[in-house]
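Student: Contents of entry_3.cif (mmCIF, C-alpha atoms and all ligand atoms):
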```cif
data_run
#
loop_
_atom_site.label_atom_id
_atom_site.label_comp_id
_atom_site.auth_asym_id
_atom_site.auth_seq_id
_atom_site.Cartn_x
_atom_site.Cartn_y
_atom_site.Cartn_z
CA MET A 605 26.23 3.75 3.79
CA PRO A 606 22.66 4.52 4.90
CA THR A 607 21.61 4.16 8.53
CA CYS A 608 18.69 1.93 9.59
CA ARG A 609 15.80 4.06 10.80
CA ILE A 610 14.95 1.51 13.50
CA CYS A 611 18.24 0.33 15.05
CA GLN A 612 20.71 2.90 13.64
CA SER A 613 23.00 0.19 12.19
CA GLN A 614 24.39 0.64 8.69
CA PHE A 615 22.95 -1.26 5.74
CA GLU A 616 23.41 -1.48 1.99
CA PRO A 617 20.77 -1.21 -0.74
CA PHE A 618 20.14 -4.43 -2.65
CA ILE A 619 18.31 -2.71 -5.52
CA SER A 620 18.28 0.73 -7.11
CA PHE A 621 15.37 1.64 -9.37
CA GLY A 622 16.86 4.97 -10.46
CA LYS A 623 14.95 8.27 -10.50
CA MET A 624 11.29 7.99 -9.51
CA PRO A 625 8.47 10.52 -9.27
CA ILE A 626 5.91 10.60 -6.43
CA ALA A 627 3.95 7.36 -6.96
CA ASN A 628 0.54 8.90 -6.38
CA GLY A 629 1.47 12.21 -8.04
CA PHE A 630 -0.89 12.13 -11.03
CA LEU A 631 -0.44 15.47 -12.73
CA ALA A 632 -1.60 17.95 -15.38
CA PRO A 633 0.59 18.91 -18.39
CA GLU A 634 1.34 22.35 -16.93
CA GLN A 635 3.01 20.59 -13.97
CA PHE A 636 5.31 18.38 -16.08
CA ASP A 637 8.33 20.71 -15.91
CA ARG A 638 8.05 21.02 -12.09
CA GLU A 639 7.72 17.30 -11.43
CA TYR A 640 9.66 16.08 -8.39
CA PHE A 641 11.98 13.04 -8.65
CA PHE A 642 14.03 11.13 -6.08
CA GLU A 643 16.31 8.06 -6.08
CA LEU A 644 14.34 4.90 -5.25
CA ALA A 645 16.55 2.24 -3.67
CA VAL A 646 15.72 -0.48 -1.13
CA GLY A 647 17.97 -2.18 1.43
CA PHE A 648 17.90 -4.81 4.20
CA CYS A 649 19.30 -4.10 7.67
CA PRO A 650 21.09 -7.29 8.77
CA THR A 651 20.96 -6.19 12.43
CA CYS A 652 17.19 -5.74 12.98
CA ALA A 653 15.95 -7.40 9.74
CA MET A 654 14.08 -4.28 8.60
CA VAL A 655 13.76 -3.84 4.84
CA GLN A 656 13.45 -0.15 3.98
CA LEU A 657 13.93 2.62 1.44
CA VAL A 658 17.29 4.34 1.38
CA ASP A 659 15.78 7.80 0.73
CA GLN A 660 12.25 9.09 1.04
CA PRO A 661 10.77 12.38 -0.21
CA ASN A 662 9.40 14.85 2.38
CA LYS A 663 6.03 13.79 3.69
CA GLU A 664 4.50 17.07 2.46
CA GLN A 665 5.44 16.04 -1.11
CA MET A 666 3.31 12.90 -0.72
CA PHE A 667 0.32 13.86 1.46
CA HIS A 668 -1.44 17.13 0.77
CA GLU A 669 -4.79 18.63 -0.12
CA HIS A 670 -4.77 17.00 -3.57
CA TYR A 671 -3.92 13.49 -2.36
CA ALA A 672 -5.39 11.12 -4.97
CA PHE A 673 -6.28 8.08 -2.89
CA TYR A 674 -9.75 7.34 -1.56
CA SER A 675 -10.03 4.09 0.42
CA SER A 676 -13.75 3.72 -0.27
CA MET A 677 -13.10 3.44 -4.03
CA SER A 678 -12.83 -0.33 -3.72
CA ARG A 679 -16.02 -2.06 -2.62
CA HIS A 680 -13.96 -5.03 -1.55
CA MET A 681 -11.75 -2.88 0.71
CA ALA A 682 -14.81 -1.15 2.14
CA GLU A 683 -16.17 -4.58 3.15
CA HIS A 684 -12.79 -5.53 4.58
CA PHE A 685 -12.73 -2.47 6.85
CA LYS A 686 -16.33 -3.04 7.89
CA ARG A 687 -15.32 -6.51 9.13
CA VAL A 688 -12.37 -5.05 11.03
CA ALA A 689 -14.64 -2.47 12.70
CA LEU A 690 -17.40 -4.91 13.60
CA ASN A 691 -15.56 -8.20 14.25
CA ILE A 692 -11.89 -7.59 14.99
CA MET A 693 -11.65 -4.40 17.04
CA PRO A 694 -14.46 -5.22 19.52
CA ARG A 695 -12.48 -8.31 20.70
CA TYR A 696 -10.14 -5.88 22.42
CA PHE A 697 -12.69 -3.47 23.91
CA ALA A 698 -12.04 -3.41 27.67
CA SER A 699 -15.31 -1.68 28.67
CA ASN A 700 -18.70 -0.82 27.21
CA ASP A 701 -17.46 2.70 26.50
CA PRO A 702 -14.48 1.91 24.26
CA PHE A 703 -12.30 4.49 22.56
CA VAL A 704 -10.73 3.89 19.14
CA VAL A 705 -8.03 5.92 17.37
CA GLU A 706 -7.26 5.40 13.71
CA ILE A 707 -3.98 6.59 12.22
CA GLY A 708 -4.43 7.38 8.51
CA SER A 709 -8.23 7.33 8.61
CA ASN A 710 -8.53 8.46 4.98
CA ASP A 711 -12.18 9.03 3.94
CA GLY A 712 -13.57 7.36 7.07
CA VAL A 713 -14.16 3.96 5.46
CA LEU A 714 -13.53 2.20 8.81
CA LEU A 715 -14.56 4.79 11.39
CA GLU A 716 -17.95 5.41 9.79
CA HIS A 717 -18.94 2.10 11.41
CA CYS A 718 -17.95 3.52 14.81
CA VAL A 719 -20.10 6.58 14.04
CA GLN A 720 -23.06 4.30 13.25
CA ARG A 721 -22.61 2.37 16.53
CA GLY A 722 -21.85 5.34 18.73
CA VAL A 723 -18.30 4.19 19.51
CA ARG A 724 -16.03 7.04 20.66
CA HIS A 725 -13.32 7.56 18.10
CA VAL A 726 -10.78 9.93 16.60
CA GLY A 727 -9.32 9.64 13.10
CA VAL A 728 -5.99 11.21 12.21
CA GLU A 729 -5.57 12.07 8.53
CA PRO A 730 -3.18 14.69 7.13
CA ALA A 731 -4.61 14.74 3.57
CA ALA A 732 -7.26 17.47 3.86
CA ASN A 733 -9.34 16.44 0.85
CA VAL A 734 -9.92 12.85 1.98
CA ALA A 735 -10.32 13.93 5.64
CA LYS A 736 -13.15 16.25 4.55
CA VAL A 737 -15.07 13.29 3.11
CA ALA A 738 -14.73 11.52 6.49
CA GLN A 739 -15.87 14.62 8.40
CA GLU A 740 -18.94 14.83 6.18
CA LYS A 741 -19.81 11.29 7.31
CA GLY A 742 -19.63 12.44 10.94
CA VAL A 743 -16.19 10.92 11.58
CA GLU A 744 -14.24 13.02 14.08
CA THR A 745 -11.02 13.72 12.17
CA ILE A 746 -7.86 15.61 13.07
CA VAL A 747 -6.15 16.87 9.91
CA GLU A 748 -2.52 16.44 11.03
CA PHE A 749 0.36 13.97 10.93
CA PHE A 750 0.30 11.53 13.87
CA ASP A 751 3.25 11.77 16.25
CA GLU A 752 4.04 11.62 19.95
CA GLU A 753 2.88 15.18 20.56
CA LEU A 754 -0.51 14.60 18.92
CA ALA A 755 -0.89 11.29 20.80
CA GLY A 756 -0.45 13.26 24.04
CA ARG A 757 -3.13 15.75 23.03
CA ILE A 758 -5.58 12.97 22.09
CA ARG A 759 -4.89 11.23 25.41
CA SER A 760 -5.51 14.34 27.49
CA GLU A 761 -8.71 15.16 25.62
CA HIS A 762 -10.26 11.66 25.31
CA GLY A 763 -8.30 9.34 27.63
CA GLN A 764 -6.42 6.20 26.66
CA ALA A 765 -7.49 4.00 23.77
CA ASP A 766 -8.70 0.40 23.71
CA VAL A 767 -7.61 0.08 20.10
CA VAL A 768 -5.29 2.07 17.88
CA PHE A 769 -5.86 0.92 14.31
CA SER A 770 -3.89 1.67 11.18
CA ALA A 771 -4.01 0.25 7.66
CA ASN A 772 -1.34 0.89 5.03
CA THR A 773 0.08 3.75 7.05
CA MET A 774 2.55 2.44 9.65
CA LEU A 775 4.89 1.51 6.81
CA GLN A 776 5.15 5.19 5.87
CA PHE A 777 6.57 6.73 9.04
CA SER A 778 10.15 8.00 8.81
CA TYR A 779 9.77 9.28 12.39
CA MET A 780 8.71 5.85 13.65
CA ARG A 781 10.24 6.34 17.12
CA SER A 782 7.89 9.25 17.82
CA VAL A 783 4.89 7.35 16.41
CA LEU A 784 5.52 4.23 18.51
CA SER A 785 6.21 6.21 21.70
CA GLY A 786 2.96 8.04 21.07
CA ILE A 787 1.04 4.79 20.57
CA ALA A 788 2.59 3.18 23.68
CA SER A 789 1.43 6.11 25.82
CA LEU A 790 -1.97 6.29 24.16
CA LEU A 791 -2.88 2.62 24.75
CA LYS A 792 -4.69 1.48 27.90
CA PRO A 793 -2.75 -1.19 29.89
CA SER A 794 -4.82 -3.83 28.05
CA GLY A 795 -5.08 -1.84 24.81
CA VAL A 796 -3.80 -2.99 21.44
CA LEU A 797 -2.34 -1.53 18.30
CA ILE A 798 -3.74 -3.38 15.29
CA PHE A 799 -2.13 -2.61 11.98
CA GLU A 800 -2.09 -4.02 8.46
CA ASP A 801 0.51 -3.48 5.80
CA PRO A 802 1.81 -5.25 2.68
CA TYR A 803 3.89 -8.21 3.85
CA LEU A 804 7.54 -8.71 2.93
CA GLY A 805 7.05 -12.47 2.55
CA ASP A 806 4.44 -11.88 -0.18
CA ILE A 807 6.64 -9.35 -1.98
CA ILE A 808 9.43 -11.91 -2.10
CA GLU A 809 7.21 -14.83 -3.08
CA LYS A 810 5.43 -12.85 -5.84
CA THR A 811 8.31 -10.60 -6.94
CA SER A 812 5.81 -7.79 -6.44
CA TYR A 813 8.39 -5.05 -6.61
CA ASP A 814 5.65 -2.57 -7.51
CA GLN A 815 5.03 -2.36 -3.74
CA MET A 816 8.29 -0.44 -3.60
CA TYR A 817 7.59 3.28 -3.90
CA ASP A 818 7.91 6.51 -1.94
CA GLU A 819 5.04 5.99 0.53
CA HIS A 820 6.22 2.51 1.42
CA LEU A 821 9.25 3.25 3.55
CA PHE A 822 9.24 -0.11 5.38
CA TYR A 823 8.55 -3.67 4.16
CA PHE A 824 7.55 -5.41 7.37
CA SER A 825 7.92 -8.99 8.55
CA VAL A 826 6.83 -10.43 11.91
CA ALA A 827 10.49 -10.59 12.98
CA SER A 828 11.25 -6.96 12.11
CA VAL A 829 7.98 -5.63 13.58
CA ASP A 830 8.49 -7.48 16.85
CA ALA A 831 12.04 -6.15 17.16
CA MET A 832 10.78 -2.65 16.37
CA VAL A 833 7.90 -2.53 18.89
CA ARG A 834 9.98 -4.13 21.68
CA ARG A 835 12.08 -0.95 21.68
CA HIS A 836 8.92 0.70 23.04
CA GLY A 837 7.95 -1.93 25.65
CA MET A 838 5.45 -3.66 23.36
CA ALA A 839 5.32 -7.04 21.61
CA VAL A 840 3.49 -8.70 18.73
CA ILE A 841 0.80 -10.93 20.28
CA ASP A 842 -1.04 -12.10 17.17
CA VAL A 843 -0.69 -12.10 13.38
CA GLU A 844 -2.95 -12.97 10.49
CA SER A 845 -2.18 -13.14 6.76
CA LEU A 846 -4.61 -11.13 4.66
CA PRO A 847 -5.29 -11.33 0.93
CA VAL A 848 -5.66 -7.53 0.59
CA HIS A 849 -3.19 -5.25 -1.20
CA GLY A 850 -1.50 -8.17 -2.88
CA GLY A 851 -0.72 -9.95 0.39
CA SER A 852 -0.70 -8.19 3.74
CA MET A 853 -0.16 -9.07 7.39
CA ARG A 854 -2.28 -7.92 10.31
CA TYR A 855 -0.20 -7.42 13.46
CA VAL A 856 -1.75 -7.14 16.93
CA VAL A 857 0.65 -5.43 19.33
CA ALA A 858 0.19 -5.03 23.10
CA HIS A 859 2.23 -3.81 26.06
CA GLU A 860 4.86 -6.50 26.73
CA GLY A 861 3.46 -9.19 29.06
CA ALA A 862 -0.04 -7.66 29.19
CA LEU A 863 -1.83 -10.17 26.94
CA SER A 864 -1.04 -13.76 25.99
CA VAL A 865 0.80 -14.40 22.72
CA SER A 866 -0.96 -16.50 20.09
CA SER A 867 0.82 -19.53 18.63
CA ALA A 868 0.35 -17.90 15.19
CA VAL A 869 3.27 -15.60 15.97
CA ALA A 870 5.85 -18.39 16.38
CA ALA A 871 4.39 -20.26 13.40
CA GLN A 872 4.75 -17.24 11.13
CA ARG A 873 8.28 -16.56 12.37
CA ALA A 874 9.23 -20.14 11.51
CA LYS A 875 7.87 -19.59 7.98
CA GLU A 876 9.98 -16.44 7.71
CA GLU A 877 13.11 -18.39 8.62
CA GLN A 878 12.25 -20.88 5.88
CA LEU A 879 11.73 -18.08 3.37
CA GLY A 880 15.16 -16.71 4.29
CA LEU A 881 13.90 -13.25 5.24
CA ARG A 882 17.03 -12.68 7.33
CA ASP A 883 19.50 -13.78 4.61
CA LEU A 884 21.11 -11.26 2.30
CA THR A 885 21.12 -13.80 -0.54
CA THR A 886 17.30 -13.79 -0.52
CA TYR A 887 17.41 -10.12 -1.52
CA GLU A 888 20.06 -10.67 -4.16
CA HIS A 889 17.82 -13.32 -5.71
CA LEU A 890 14.88 -10.94 -5.51
CA ARG A 891 16.85 -8.31 -7.42
CA LYS A 892 17.58 -10.79 -10.20
CA ARG A 893 13.91 -11.75 -10.47
CA ILE A 894 12.94 -8.06 -10.62
CA GLU A 895 15.37 -7.46 -13.49
CA GLN A 896 13.99 -10.50 -15.31
CA SER A 897 10.43 -9.27 -14.79
CA ARG A 898 11.32 -5.90 -16.33
CA ASN A 899 12.88 -7.54 -19.40
CA ASP A 900 9.89 -9.84 -19.86
CA LEU A 901 7.34 -7.03 -19.60
CA VAL A 902 9.14 -4.71 -22.01
CA THR A 903 9.60 -7.57 -24.51
CA LEU A 904 5.91 -8.49 -24.35
CA LEU A 905 4.63 -4.92 -24.72
CA SER A 906 7.07 -4.19 -27.55
CA ARG A 907 5.81 -7.26 -29.39
CA PHE A 908 2.17 -6.17 -29.06
CA HIS A 909 3.16 -2.69 -30.21
CA ASP A 910 4.85 -4.13 -33.31
CA GLU A 911 1.76 -6.27 -34.00
CA GLY A 912 -0.43 -3.15 -33.85
CA LYS A 913 -2.38 -4.32 -30.78
CA ARG A 914 -4.03 -1.83 -28.45
CA VAL A 915 -2.88 -2.11 -24.83
CA VAL A 916 -4.55 -0.13 -22.03
CA GLY A 917 -3.57 -0.06 -18.34
CA TYR A 918 -6.29 -1.02 -15.83
CA GLY A 919 -6.12 0.93 -12.54
CA ALA A 920 -3.86 3.97 -12.15
CA THR A 921 -2.30 2.57 -8.99
CA SER A 922 0.64 3.99 -7.07
CA LYS A 923 2.25 0.62 -7.69
CA SER A 924 2.13 1.17 -11.46
CA THR A 925 4.42 4.20 -11.11
CA THR A 926 7.34 1.97 -10.12
CA ILE A 927 6.68 -0.47 -12.96
CA LEU A 928 6.27 2.18 -15.64
CA ASN A 929 9.27 4.29 -14.66
CA TYR A 930 11.62 1.40 -13.88
CA CYS A 931 10.71 -0.33 -17.17
CA ASN A 932 10.59 2.98 -19.08
CA ILE A 933 7.11 2.24 -20.45
CA GLY A 934 5.32 5.30 -21.85
CA PRO A 935 2.32 6.23 -24.03
CA ASP A 936 3.95 4.56 -27.05
CA LEU A 937 3.33 1.15 -25.43
CA ILE A 938 0.25 1.89 -23.28
CA GLU A 939 -2.44 4.05 -24.88
CA PHE A 940 -4.03 5.18 -21.61
CA ILE A 941 -4.76 3.95 -18.09
CA SER A 942 -8.40 3.47 -17.13
CA ASP A 943 -9.36 4.40 -13.56
CA ILE A 944 -12.63 4.93 -11.71
CA THR A 945 -11.22 7.64 -9.41
CA PRO A 946 -12.52 11.04 -10.64
CA ILE A 947 -9.51 13.01 -9.29
CA LYS A 948 -7.08 10.94 -11.41
CA GLN A 949 -9.08 11.15 -14.65
CA GLY A 950 -7.83 13.69 -17.19
CA LYS A 951 -4.42 13.70 -15.52
CA PHE A 952 -1.22 11.91 -16.52
CA SER A 953 0.76 9.17 -14.83
CA PRO A 954 3.77 10.30 -12.76
CA GLY A 955 7.05 10.35 -14.68
CA MET A 956 5.98 8.56 -17.88
CA HIS A 957 2.93 10.79 -18.52
CA ILE A 958 0.50 8.20 -19.81
CA PRO A 959 -3.03 9.70 -19.92
CA VAL A 960 -5.47 8.51 -17.23
CA ARG A 961 -9.01 8.23 -18.57
CA SER A 962 -12.38 7.22 -17.23
CA TYR A 963 -13.64 3.68 -17.07
CA GLU A 964 -16.30 4.70 -19.60
CA GLU A 965 -13.56 5.17 -22.19
CA PHE A 966 -12.33 1.65 -21.50
CA ILE A 967 -15.73 0.10 -22.11
CA ALA A 968 -16.55 2.36 -25.07
CA HIS A 969 -13.77 0.81 -27.15
CA TYR A 970 -12.24 -2.27 -25.57
CA PRO A 971 -8.49 -2.70 -26.20
CA ASP A 972 -6.92 -6.01 -27.26
CA TYR A 973 -5.10 -6.23 -23.94
CA ALA A 974 -5.55 -4.71 -20.50
CA LEU A 975 -2.47 -4.60 -18.27
CA LEU A 976 -3.77 -5.24 -14.79
CA PHE A 977 -1.97 -2.66 -12.66
CA ALA A 978 -4.63 -3.06 -9.94
CA TRP A 979 -3.77 -6.78 -9.62
CA ASN A 980 -4.51 -6.64 -5.91
CA HIS A 981 -8.20 -6.23 -6.87
CA ALA A 982 -8.05 -8.99 -9.52
CA ARG A 983 -11.01 -10.95 -8.22
CA GLU A 984 -13.31 -7.93 -7.97
CA ILE A 985 -12.23 -6.70 -11.41
CA MET A 986 -12.41 -10.04 -13.25
CA ALA A 987 -15.91 -10.58 -11.86
CA LYS A 988 -17.21 -7.41 -13.50
CA GLU A 989 -15.34 -7.54 -16.81
CA ASN A 990 -17.28 -10.27 -18.60
CA ASN A 991 -18.03 -8.00 -21.54
CA PHE A 992 -14.33 -7.29 -22.03
CA HIS A 993 -13.65 -11.04 -22.05
CA ARG A 994 -16.55 -11.68 -24.42
CA ALA A 995 -15.19 -9.00 -26.77
CA GLY A 996 -11.96 -11.04 -26.94
CA GLY A 997 -10.00 -8.87 -24.52
CA ARG A 998 -7.13 -10.49 -22.63
CA TRP A 999 -5.35 -9.63 -19.40
CA ILE A 1000 -1.64 -8.97 -19.15
CA VAL A 1001 -0.31 -9.56 -15.66
CA HIS A 1002 3.14 -8.90 -14.24
CA VAL A 1003 2.75 -10.60 -10.84
CA PRO A 1004 3.93 -13.18 -9.93
CA LYS A 1005 5.25 -13.62 -13.49
CA VAL A 1006 4.81 -11.57 -16.65
CA GLY A 1007 2.31 -13.15 -19.03
CA VAL A 1008 -1.08 -13.10 -20.72
CA LEU A 1009 -3.84 -14.91 -18.85
CA ALA A 1010 -5.45 -17.83 -20.62
CA HIS A 1011 -8.93 -17.12 -21.93
CA ASP A 1012 -10.61 -19.58 -19.64
CA PHE A 1013 -8.87 -18.14 -16.57
CA VAL A 1014 -11.84 -15.97 -15.64
CA ARG A 1015 -14.66 -18.29 -16.58
P1 LIG B 1101 -4.93 0.60 -4.97
O1 LIG B 1101 -5.42 -0.77 -4.80
O2 LIG B 1101 -5.15 1.53 -3.86
O3 LIG B 1101 -3.40 0.52 -5.28
P2 LIG B 1101 -2.22 1.53 -4.93
O4 LIG B 1101 -2.10 1.50 -3.44
O5 LIG B 1101 -1.04 0.92 -5.63
O6 LIG B 1101 -2.57 2.89 -5.46
O7 LIG B 1101 -5.51 1.31 -6.25
C1 LIG B 1101 -6.44 0.74 -7.09
C2 LIG B 1101 -6.71 1.72 -8.22
O8 LIG B 1101 -7.45 1.05 -9.20
C3 LIG B 1101 -7.52 2.92 -7.78
O9 LIG B 1101 -7.04 4.10 -8.41
C4 LIG B 1101 -8.91 2.61 -8.26
C5 LIG B 1101 -8.65 1.74 -9.45
N1 LIG B 1101 -9.69 0.75 -9.71
C6 LIG B 1101 -10.37 0.79 -10.91
O10 LIG B 1101 -10.10 1.66 -11.77
N2 LIG B 1101 -11.36 -0.13 -11.13
C7 LIG B 1101 -11.67 -1.08 -10.20
O11 LIG B 1101 -12.57 -1.90 -10.44
C8 LIG B 1101 -10.95 -1.13 -8.97
C9 LIG B 1101 -11.25 -2.17 -7.94
C10 LIG B 1101 -9.96 -0.18 -8.76
#
```
For the structure just supplied, provide its representation as structure tokens.
Ligand code: TYD
Tutor:
Amino acid sequence: MPTCRICQSQFEPFISFGKMPIANGFLAPEQFDREYFFELAVGFCPTCAMVQLVDQPNKEQMFHEHYAFYSSMSRHMAEHFKRVALNIMPRYFASNDPFVVEIGSNDGVLLEHCVQRGVRHVGVEPAANVAKVAQEKGVETIVEFFDEELAGRIRSEHGQADVVFSANTMLQFSYMRSVLSGIASLLKPSGVLIFEDPYLGDIIEKTSYDQMYDEHLFYFSVASVDAMVRRHGMAVIDVESLPVHGGSMRYVVAHEGALSVSSAVAAQRAKEEQLGLRDLTTYEHLRKRIEQSRNDLVTLLSRFHDEGKRVVGYGATSKSTTILNYCNIGPDLIEFISDITPIKQGKFSPGMHIPVRSYEEFIAHYPDYALLFAWNHAREIMAKENNFHRAGGRWIVHVPKVGVLAHDFVR
């Protein structure tokens, strides 16, 4: 039986997806025969309530100089991070010379606002290609993996931090003990760790199993995060649900007893009890809904194939890798995936090898159906796709249920 990475108890997987490639590993044909696969399975630790992957590939397999994810690609996300930089973080600045550290600073989409306002900062980003974009914006970036040792170096060079921020990164750390010890020593006595990650409650409510892939090692809840940070003398003092990434939670964590705890924490924990996040049966039900979702999607796409309809994927997301490989959906059912990210274009999707093409190819010859893999950006995408709708194009969605959206949905 696997061992929980947080409390070292044993736990059992509740779902196995079989062999999976690296979710963000878009590749060229000459790399097909060297493609890396691992067993994707997810389990729930009944002792500390942490939901987690059973196995995870080496971090060097996932984050490297060709890492194909640029945070600034979504205008909506860029605005989200601007709000965090200008409205959320300053609430916790203890002096007029604050210091901010971001873990997983990507292309500097958040810290560029610190640059503009002269706020002292350091970004930590191991993917050299995206880090370079941040450095070109003037964002001070260390191209390394964050751990306790690096936290010590940052502290001795810059002093302690008012805010350590991290978005969609904390959930990736297999060496969480080192990361949290590092953060605890890096924070000022009144400093806070603010982090945002996809929320377990949303995954369960929406059956959004496409959140389950190599980079997402943990599926956090308020209960499991609080138990985790308390091992390092810290506590969750505030939480806020966020609509981003298909449903996320923002956690504010401080040294235990240093800052008052908002009533939102107890309220969210009560909701988690109601949702049954600590009950094994909740996860068994989730597995059944996932299996149903796979059957429904394959049936729908096979029908469109038999009817001679053209189906194109919209957004070559990491999430889509789990869907496509688990459902065994290849280029016979999906002609290509349209994506605005230049580094993904001309490549092929991990595992199933569906071509990824430019957005221009999507608009040049609209398909009958677009399967919305980037469903977490649905609002932004629907707002700009009027011509697709006018041409008679329809959206296939798989979250929260597989189906075709009604024509008037977007009007
Ligand atoms: P993202 O939301 O980061 O999902 P994941 O974490 O699962 O990779 O990825 C969104 C992808 O969709 C990204 O490759 C950019 C693409 N995209 C478009 O092609 N068009 C759009 O209008 C938007 C918003 C995103």
Student: To one decimal place, how far is CA of Val767 (chain A) from CA of Ala689 (chain A) in Å?
Tutor: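 Interatomic distance, CA of Val767 (chain A) to CA of Ala689 (chain A): 10.5 Å.
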Student: Tell me which of A:Lys1005, A:Arg914, A:Arg961, A:Lys951 sits closest to Ser897 (chain A), counting only C-alpha atoms.
Tutor: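 For Ser897 (chain A), the nearest of the given residues is A:Lys1005.
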Student: Identify which of the residues A:Tyr817, A:Phe621, A:Phe749, A:Phe799 lies closest to ligand LIG 1101 (chain B), counting only C-alpha atoms and all ligand atoms when measuring atom-to-atom distances.
Tutor: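 Of A:Tyr817, A:Phe621, A:Phe749, A:Phe799, the one nearest ligand LIG 1101 (chain B), counting only C-alpha atoms and all ligand atoms, is A:Tyr817.
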Student: How close does chain A get to ligand LIG 1101 (chain B)? List, as a tab-separated table, each residue of chain A within 9 Å, its nearest atom pair and the distance in Å to one decimal, counting only C-alpha atoms and all ligand atoms.
Tutor:
```
residue	atom	partner	partner_atom	distance
A:Ala627	CA	B:LIG1101	O6	8.0
A:Asn628	CA	B:LIG1101	O6	6.8
A:Ala672	CA	B:LIG1101	O9	8.0
A:Phe673	CA	B:LIG1101	O2	6.7
A:Tyr674	CA	B:LIG1101	O2	7.8
A:Ser675	CA	B:LIG1101	O2	7.0
A:Met677	CA	B:LIG1101	C4	6.0
A:Ser678	CA	B:LIG1101	C9	4.9
A:Arg679	CA	B:LIG1101	C9	7.1
A:His680	CA	B:LIG1101	C9	7.5
A:Met681	CA	B:LIG1101	O1	8.7
A:Asn772	CA	B:LIG1101	O4	8.5
A:Asp814	CA	B:LIG1101	O5	7.8
A:Gln815	CA	B:LIG1101	O5	7.2
A:Val848	CA	B:LIG1101	O1	8.6
A:His849	CA	B:LIG1101	O1	6.2
A:Gly850	CA	B:LIG1101	O1	8.6
A:Tyr918	CA	B:LIG1101	O10	6.2
A:Gly919	CA	B:LIG1101	O8	3.6
A:Ala920	CA	B:LIG1101	O9	4.9
A:Thr921	CA	B:LIG1101	O6	3.6
A:Ser922	CA	B:LIG1101	O6	3.8
A:Lys923	CA	B:LIG1101	O5	3.9
A:Ser924	CA	B:LIG1101	O5	6.6
A:Thr925	CA	B:LIG1101	O5	8.4
A:Ile941	CA	B:LIG1101	O10	8.6
A:Ser942	CA	B:LIG1101	O10	5.9
A:Asp943	CA	B:LIG1101	O10	3.4
A:Ile944	CA	B:LIG1101	O10	4.1
A:Thr945	CA	B:LIG1101	O9	5.6
A:Lys948	CA	B:LIG1101	O9	7.5
A:Ser962	CA	B:LIG1101	O10	8.1
A:Tyr963	CA	B:LIG1101	O10	6.7
A:Phe977	CA	B:LIG1101	O8	7.5
A:Ala978	CA	B:LIG1101	O8	5.0
A:Trp979	CA	B:LIG1101	O1	7.9
A:Asn980	CA	B:LIG1101	O1	6.0
A:His981	CA	B:LIG1101	C9	5.2
A:Ala982	CA	B:LIG1101	C9	7.7
A:Arg983	CA	B:LIG1101	C9	8.8
A:Glu984	CA	B:LIG1101	C9	6.1
A:Ile985	CA	B:LIG1101	O11	4.9
A:Met986	CA	B:LIG1101	O11	8.6
A:Lys988	CA	B:LIG1101	O11	7.8
A:Glu989	CA	B:LIG1101	O11	8.9
```
Student: Could the residues in this selection be written to a file with C-alpha atoms, as a tab-separated table (two decimals), in the frame of the given file?
Tutor:
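Final output, saved to part08.tsv:
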```
chain	number	residue	atom	x	y	z
A	627	ALA	CA	3.95	7.36	-6.96
A	628	ASN	CA	0.54	8.90	-6.38
A	672	ALA	CA	-5.39	11.12	-4.97
A	673	PHE	CA	-6.28	8.08	-2.89
A	674	TYR	CA	-9.75	7.34	-1.56
A	675	SER	CA	-10.03	4.09	0.42
A	677	MET	CA	-13.10	3.44	-4.03
A	678	SER	CA	-12.83	-0.33	-3.72
A	679	ARG	CA	-16.02	-2.06	-2.62
A	680	HIS	CA	-13.96	-5.03	-1.55
A	681	MET	CA	-11.75	-2.88	0.71
A	772	ASN	CA	-1.34	0.89	5.03
A	814	ASP	CA	5.65	-2.57	-7.51
A	815	GLN	CA	5.03	-2.36	-3.74
A	848	VAL	CA	-5.66	-7.53	0.59
A	849	HIS	CA	-3.19	-5.25	-1.20
A	850	GLY	CA	-1.50	-8.17	-2.88
A	918	TYR	CA	-6.29	-1.02	-15.83
A	919	GLY	CA	-6.12	0.93	-12.54
A	920	ALA	CA	-3.86	3.97	-12.15
A	921	THR	CA	-2.30	2.57	-8.99
A	922	SER	CA	0.64	3.99	-7.07
A	923	LYS	CA	2.25	0.62	-7.69
A	924	SER	CA	2.13	1.17	-11.46
A	925	THR	CA	4.42	4.20	-11.11
A	941	ILE	CA	-4.76	3.95	-18.09
A	942	SER	CA	-8.40	3.47	-17.13
A	943	ASP	CA	-9.36	4.40	-13.56
A	944	ILE	CA	-12.63	4.93	-11.71
A	945	THR	CA	-11.22	7.64	-9.41
A	948	LYS	CA	-7.08	10.94	-11.41
A	962	SER	CA	-12.38	7.22	-17.23
A	963	TYR	CA	-13.64	3.68	-17.07
A	977	PHE	CA	-1.97	-2.66	-12.66
A	978	ALA	CA	-4.63	-3.06	-9.94
A	979	TRP	CA	-3.77	-6.78	-9.62
A	980	ASN	CA	-4.51	-6.64	-5.91
A	981	HIS	CA	-8.20	-6.23	-6.87
A	982	ALA	CA	-8.05	-8.99	-9.52
A	983	ARG	CA	-11.01	-10.95	-8.22
A	984	GLU	CA	-13.31	-7.93	-7.97
A	985	ILE	CA	-12.23	-6.70	-11.41
A	986	MET	CA	-12.41	-10.04	-13.25
A	988	LYS	CA	-17.21	-7.41	-13.50
A	989	GLU	CA	-15.34	-7.54	-16.81
```
Student: Excluding Val705 (chain A) and any residue of its chain fewer than 3 positions from it, enumerate the residues within 7 Å of it, using all atoms listed in the file, and give them as a PyMOL selection string.
Tutor: chain A and resi 725-727+765+767-769
